[in-house]
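Student: Just one file: run.pdb, with PDB, C-alpha atoms and all ligand atoms.
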```pdb
ATOM      1  CA  PRO A 994      41.463 -68.304 -24.901
ATOM      2  CA  ARG A 995      40.963 -66.902 -21.414
ATOM      3  CA  VAL A 996      39.811 -68.607 -18.250
ATOM      4  CA  LEU A 997      38.625 -67.054 -15.015
ATOM      5  CA  ILE A 998      39.638 -69.066 -11.964
ATOM      6  CA  LEU A 999      37.150 -68.000  -9.339
ATOM      7  CA  ASN A1000      37.477 -69.044  -5.706
ATOM      8  CA  GLY A1001      34.906 -68.491  -2.997
ATOM      9  CA  PRO A1002      34.819 -68.232   0.785
ATOM     10  CA  ASN A1003      37.734 -69.323   2.977
ATOM     11  CA  LEU A1004      39.887 -70.401   0.041
ATOM     12  CA  ASN A1005      42.203 -67.438   0.777
ATOM     13  CA  ARG A1006      43.072 -69.487   3.899
ATOM     14  CA  LEU A1007      44.486 -72.435   1.907
ATOM     15  CA  GLY A1008      47.854 -73.453   3.284
ATOM     16  CA  GLN A1009      46.829 -72.772   6.901
ATOM     17  CA  ARG A1010      43.244 -73.968   6.724
ATOM     18  CA  GLU A1011      42.561 -77.609   7.791
ATOM     19  CA  PRO A1012      45.736 -78.874   6.100
ATOM     20  CA  ASP A1013      44.744 -82.509   6.717
ATOM     21  CA  VAL A1014      41.736 -81.901   4.431
ATOM     22  CA  TYR A1015      43.028 -79.312   1.966
ATOM     23  CA  GLY A1016      46.814 -79.808   1.989
ATOM     24  CA  ARG A1017      49.558 -77.214   2.516
ATOM     25  CA  VAL A1018      49.491 -75.551  -0.882
ATOM     26  CA  THR A1019      48.373 -71.913  -0.898
ATOM     27  CA  LEU A1020      45.888 -70.346  -3.303
ATOM     28  CA  ALA A1021      48.692 -68.212  -4.772
ATOM     29  CA  GLU A1022      50.605 -71.427  -5.547
ATOM     30  CA  ILE A1023      47.552 -73.016  -7.146
ATOM     31  CA  GLU A1024      47.031 -69.904  -9.286
ATOM     32  CA  ARG A1025      50.701 -69.979 -10.327
ATOM     33  CA  MET A1026      50.427 -73.677 -11.280
ATOM     34  CA  CYS A1027      47.332 -72.889 -13.367
ATOM     35  CA  ARG A1028      49.088 -69.974 -15.122
ATOM     36  CA  ALA A1029      52.057 -72.211 -15.968
ATOM     37  CA  HIS A1030      49.853 -75.085 -17.147
ATOM     38  CA  GLY A1031      47.624 -72.725 -19.118
ATOM     39  CA  ALA A1032      50.620 -71.100 -20.809
ATOM     40  CA  THR A1033      51.708 -74.466 -22.253
ATOM     41  CA  HIS A1034      48.356 -74.520 -24.089
ATOM     42  CA  GLY A1035      48.115 -70.812 -24.921
ATOM     43  CA  ILE A1036      45.466 -70.228 -22.269
ATOM     44  CA  GLU A1037      45.503 -66.976 -20.306
ATOM     45  CA  ILE A1038      44.332 -67.005 -16.716
ATOM     46  CA  ASP A1039      42.468 -64.400 -14.691
ATOM     47  CA  THR A1040      42.044 -65.036 -10.985
ATOM     48  CA  LEU A1041      39.712 -63.769  -8.295
ATOM     49  CA  GLN A1042      38.947 -64.886  -4.755
ATOM     50  CA  SER A1043      36.139 -63.461  -2.658
ATOM     51  CA  ASN A1044      34.463 -64.349   0.599
ATOM     52  CA  HIS A1045      31.322 -62.526  -0.562
ATOM     53  CA  GLU A1046      28.548 -64.195  -2.508
ATOM     54  CA  GLY A1047      27.590 -61.028  -4.410
ATOM     55  CA  ALA A1048      31.183 -60.413  -5.502
ATOM     56  CA  LEU A1049      31.305 -63.956  -6.919
ATOM     57  CA  ILE A1050      28.058 -63.313  -8.795
ATOM     58  CA  ASP A1051      29.429 -60.034 -10.203
ATOM     59  CA  ALA A1052      32.598 -61.865 -11.306
ATOM     60  CA  ILE A1053      30.571 -64.527 -13.134
ATOM     61  CA  HIS A1054      28.550 -61.831 -14.933
ATOM     62  CA  GLY A1055      31.734 -59.931 -15.803
ATOM     63  CA  ALA A1056      33.416 -63.037 -17.188
ATOM     64  CA  ALA A1057      30.721 -63.225 -19.861
ATOM     65  CA  GLU A1058      32.495 -60.233 -21.479
ATOM     66  CA  THR A1059      36.102 -61.164 -20.739
ATOM     67  CA  ALA A1060      36.550 -64.951 -20.571
ATOM     68  CA  ASP A1061      35.866 -68.134 -22.536
ATOM     69  CA  GLY A1062      35.242 -70.297 -19.496
ATOM     70  CA  ILE A1063      35.285 -70.368 -15.699
ATOM     71  CA  LEU A1064      36.738 -72.734 -13.118
ATOM     72  CA  LEU A1065      34.671 -72.183  -9.984
ATOM     73  CA  ASN A1066      35.433 -73.406  -6.499
ATOM     74  CA  ALA A1067      32.488 -71.857  -4.703
ATOM     75  CA  GLY A1068      33.543 -73.280  -1.318
ATOM     76  CA  ALA A1069      30.630 -73.650   1.085
ATOM     77  CA  TYR A1070      28.369 -71.549  -1.181
ATOM     78  CA  THR A1071      28.361 -74.644  -3.411
ATOM     79  CA  HIS A1072      26.006 -76.237  -0.933
ATOM     80  CA  THR A1073      23.752 -73.253  -0.246
ATOM     81  CA  SER A1074      23.584 -70.757  -3.077
ATOM     82  CA  VAL A1075      20.688 -70.719  -5.506
ATOM     83  CA  ALA A1076      21.933 -67.248  -6.505
ATOM     84  CA  LEU A1077      25.245 -68.702  -7.720
ATOM     85  CA  HIS A1078      23.356 -71.385  -9.650
ATOM     86  CA  ASP A1079      21.324 -68.659 -11.339
ATOM     87  CA  ALA A1080      24.417 -66.528 -12.060
ATOM     88  CA  ILE A1081      26.057 -69.484 -13.818
ATOM     89  CA  ALA A1082      22.865 -70.164 -15.767
ATOM     90  CA  SER A1083      22.751 -66.490 -16.816
ATOM     91  CA  VAL A1084      26.034 -66.581 -18.765
ATOM     92  CA  PRO A1085      26.752 -68.544 -21.962
ATOM     93  CA  LEU A1086      30.157 -69.756 -20.710
ATOM     94  CA  PRO A1087      31.211 -73.290 -19.815
ATOM     95  CA  VAL A1088      31.727 -73.413 -16.045
ATOM     96  CA  ILE A1089      33.517 -76.279 -14.298
ATOM     97  CA  GLU A1090      32.840 -76.900 -10.611
ATOM     98  CA  VAL A1091      36.092 -77.605  -8.758
ATOM     99  CA  HIS A1092      36.764 -78.935  -5.266
ATOM    100  CA  LEU A1093      40.061 -79.823  -3.658
ATOM    101  CA  SER A1094      38.468 -82.425  -1.402
ATOM    102  CA  ASN A1095      36.189 -85.308  -2.339
ATOM    103  CA  VAL A1096      33.015 -83.667  -1.064
ATOM    104  CA  HIS A1097      31.095 -86.945  -1.416
ATOM    105  CA  ALA A1098      33.376 -88.668   1.103
ATOM    106  CA  ARG A1099      32.766 -85.952   3.706
ATOM    107  CA  GLU A1100      29.822 -84.691   5.803
ATOM    108  CA  ALA A1101      26.343 -85.212   4.324
ATOM    109  CA  PHE A1102      25.810 -81.428   4.053
ATOM    110  CA  ARG A1103      28.598 -81.349   1.434
ATOM    111  CA  HIS A1104      26.980 -84.001  -0.759
ATOM    112  CA  HIS A1105      24.489 -81.660  -2.373
ATOM    113  CA  SER A1106      25.635 -79.022  -4.846
ATOM    114  CA  CYS A1107      23.221 -76.198  -5.694
ATOM    115  CA  ILE A1108      25.383 -75.210  -8.657
ATOM    116  CA  ALA A1109      25.823 -78.689 -10.196
ATOM    117  CA  PRO A1110      22.749 -78.472 -12.479
ATOM    118  CA  ALA A1111      24.149 -75.300 -14.083
ATOM    119  CA  VAL A1112      27.772 -76.383 -14.676
ATOM    120  CA  LEU A1113      29.381 -78.371 -17.464
ATOM    121  CA  GLY A1114      30.860 -80.870 -15.002
ATOM    122  CA  GLN A1115      32.560 -81.341 -11.659
ATOM    123  CA  ILE A1116      36.076 -82.283 -10.582
ATOM    124  CA  ALA A1117      36.641 -83.055  -6.905
ATOM    125  CA  GLY A1118      39.096 -84.868  -4.690
ATOM    126  CA  PHE A1119      42.481 -84.299  -6.318
ATOM    127  CA  GLY A1120      43.731 -81.455  -4.159
ATOM    128  CA  ALA A1121      45.466 -78.674  -6.073
ATOM    129  CA  ALA A1122      45.541 -80.959  -9.129
ATOM    130  CA  SER A1123      41.730 -80.634  -9.335
ATOM    131  CA  TYR A1124      42.292 -77.177 -10.850
ATOM    132  CA  LEU A1125      44.755 -78.472 -13.459
ATOM    133  CA  LEU A1126      42.419 -81.326 -14.382
ATOM    134  CA  ALA A1127      39.570 -78.835 -14.706
ATOM    135  CA  LEU A1128      41.687 -76.633 -16.974
ATOM    136  CA  ASP A1129      42.382 -79.671 -19.178
ATOM    137  CA  ALA A1130      38.688 -80.559 -19.147
ATOM    138  CA  LEU A1131      37.795 -77.057 -20.326
ATOM    139  CA  ARG A1132      40.437 -77.210 -23.088
ATOM    140  CA  LEU A1133      39.185 -80.615 -24.290
ATOM    141  CA  HIS A1134      35.631 -79.260 -24.202
ATOM    142  CA  TRP A1135      36.600 -76.324 -26.458
ATOM    143  CA  GLU A1136      38.388 -78.741 -28.813
ATOM    144  CA  SER A1137      35.323 -80.968 -29.034
ATOM    145  CA  GLN A1138      33.155 -77.912 -29.775
ATOM    146  CA  SER A1139      35.387 -76.645 -32.581
ATOM    147  CA  ALA A1140      35.927 -80.068 -34.223
TER     148      ALA A1140
HETATM  149  C1  LIG A1201      35.611 -77.168  -1.004
HETATM  150  C2  LIG A1201      34.592 -78.126  -0.356
HETATM  151  C3  LIG A1201      33.488 -77.357   0.356
HETATM  152  O1  LIG A1201      32.579 -78.264   0.956
HETATM  153  C4  LIG A1201      34.074 -76.472   1.437
HETATM  154  O2  LIG A1201      33.054 -75.693   2.029
HETATM  155  C5  LIG A1201      35.178 -75.601   0.931
HETATM  156  C6  LIG A1201      36.157 -76.170   0.008
HETATM  157  C7  LIG A1201      36.802 -77.913  -1.622
HETATM  158  O3  LIG A1201      37.515 -77.310  -2.424
HETATM  159  O4  LIG A1201      37.056 -79.077  -1.279
HETATM  160  O5  LIG A1201      35.315 -74.461   1.339
HETATM  161  O6  LIG A1201      34.944 -76.460  -2.056
END
```
Show the structure stored in the file as structure tokens.
Tutor:
Amino acid sequence: PRVLILNGPNLNRLGQREPDVYGRVTLAEIERMCRAHGATHGIEIDTLQSNHEGALIDAIHGAAETADGILLNAGAYTHTSVALHDAIASVPLPVIEVHLSNVHAREAFRHHSCIAPAVLGQIAGFGAASYLLALDALRLHWESQSA
């Protein structure tokens, strides 16, 4: 199976960006950890980061042809984008919403997710490990579907 790991705005700044909130690990390191973890389960990983809402929407549409699931950290678009909600709803893939930080322990404007109603589930608050947990969640989901 193949998974698209899709990261939204400002996540290219991981490592330098608000390290007290997001840690020191870079996005390239997170992607490498996911590739290594995926490989132990025969999962191939595609990665894309964009600061542009439309590019994220195009990537979700494209994944319908190329991937078996998506891990999506939509960054701040999580809290604003009906268009991303609709893009997720438009594809038949399982999508897991990922956040490094525990968005519910932060500012009130981060408590609402526009995309939550369209995703399979959410993982938040475990730093870089959120992505690995989400990859495991996707794998267990596939297993439960094929059992
Ligand atoms: C984030 C949380 C969002 O509220 C924020 O806008 C981000 C990162 C996270 O991974 O914790 O850019 O999605």
Student: Ranking A:Ile1116, A:Ala1067, A:Leu1004, A:Ala1052 by minimum distance to His1097 in chain A and counting all atoms listed in the file, which one comes first?
Tutor: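 Between A:Ile1116, A:Ala1067, A:Leu1004, A:Ala1052, the residue approaching His1097 in chain A most closely is A:Ile1116.
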Student: Could you give me, as JSON lines, a per-residue list for chain A showing, wherever an atom lies at most 6 Å from an atom of ligand LIG 1201 (chain A), the closest pair of atoms and their distance in Å to one decimal, using only C-alpha atoms and all ligand atoms and sorting by chain then residue number from low to high?
Tutor:
```
{"residue": "A:Asn1003", "atom": "CA", "partner": "A:LIG1201", "partner_atom": "O5", "distance": 5.9}
{"residue": "A:Asn1066", "atom": "CA", "partner": "A:LIG1201", "partner_atom": "O6", "distance": 5.4}
{"residue": "A:Ala1067", "atom": "CA", "partner": "A:LIG1201", "partner_atom": "O6", "distance": 5.9}
{"residue": "A:Gly1068", "atom": "CA", "partner": "A:LIG1201", "partner_atom": "O5", "distance": 3.4}
{"residue": "A:Ala1069", "atom": "CA", "partner": "A:LIG1201", "partner_atom": "O2", "distance": 3.3}
{"residue": "A:His1092", "atom": "CA", "partner": "A:LIG1201", "partner_atom": "O3", "distance": 3.4}
{"residue": "A:Leu1093", "atom": "CA", "partner": "A:LIG1201", "partner_atom": "O3", "distance": 3.8}
{"residue": "A:Ser1094", "atom": "CA", "partner": "A:LIG1201", "partner_atom": "O4", "distance": 3.6}
{"residue": "A:Val1096", "atom": "CA", "partner": "A:LIG1201", "partner_atom": "O1", "distance": 5.8}
{"residue": "A:Arg1103", "atom": "CA", "partner": "A:LIG1201", "partner_atom": "O1", "distance": 5.1}
```
Student: Which neighbours of Phe1102 in chain A fall inside 9 Å, counting all atoms listed in the file, when residues of the same chain fewer than 3 positions from it are skipped, and could you give them as a ChimeraX atom specification?
Tutor: /A:1072,1099,1105
Student: Which is closest to Pro1012 in chain A among A:Ala1130, A:Gly1120, A:Glu1100, A:Ser1137, if we use only C-alpha atoms?
Tutor: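 Distance minimum relative to Pro1012 in chain A lands on A:Gly1120.
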Student: Would you list the contacts of Val1091 in chain A as JSON, numbers by chain, taking every protein, DNA or RNA residue within 8 Å and counting all atoms listed in the file, but skipping same-chain residues closer than 6 positions in sequence?
Tutor: {"A": [1064, 1065, 1066, 1067, 1115, 1116, 1117, 1123, 1124, 1127]}
Student: With distances taken over only C-alpha atoms, which residue among A:Ile1089, A:Ala1057, A:Leu1113, A:Leu1049 lies nearest Tyr1070 in chain A?
Tutor: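 So, comparing all the options, the nearest one is A:Leu1049.
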Student: Run the PyMOL selection byres (((chain A and resi 1025-1034) around 10) and not hetatm) mentally over the shown coordinates, then write out the matched residues as a PyMOL selection string, using the chain letters and numbers from the document.
Tutor: chain A and resi 994-996+998+1019-1024+1035-1040+1121-1122+1124-1129+1132
Student: I'd like the interatomic distance between CA of His1104 in chain A and CA of Glu1090 in chain A, to a tenth of an Å.
Tutor: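 The value is 13.5 Å.
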Student: Please define a box with edges along x, y and z of the file around all atoms of range 1083-1100 of chain A given in the file, extend it by 6 Å on each side, and return its centre and edge lengths in Å to one decimal, as lines of an AutoDock Vina configuration file.
Tutor:
```
center_x = 31.4
center_y = -77.6
center_z = -8.1
size_x = 29.3
size_y = 34.2
size_z = 39.8
```
Student: Please indicate the distance in Å from CA of Gln1042 in chain A to CA of Leu997 in chain A, rounded to one decimal place.
Tutor: 10.5 Å
Student: Using all atoms listed in the file, which protein or nucleic acid residues come within 8 Å of His1045 in chain A? Drop anything in the same chain fewer than 3 positions from it, and give the result as a PyMOL selection string.
Tutor: chain A and resi 1001-1002+1048-1049
Student: Taking into account only C-alpha atoms, which residue in the set A:Val1014, A:Ala1082, A:Leu1041, A:Leu999 is nearest to Ile1063 in chain A?
Tutor: A:Leu999
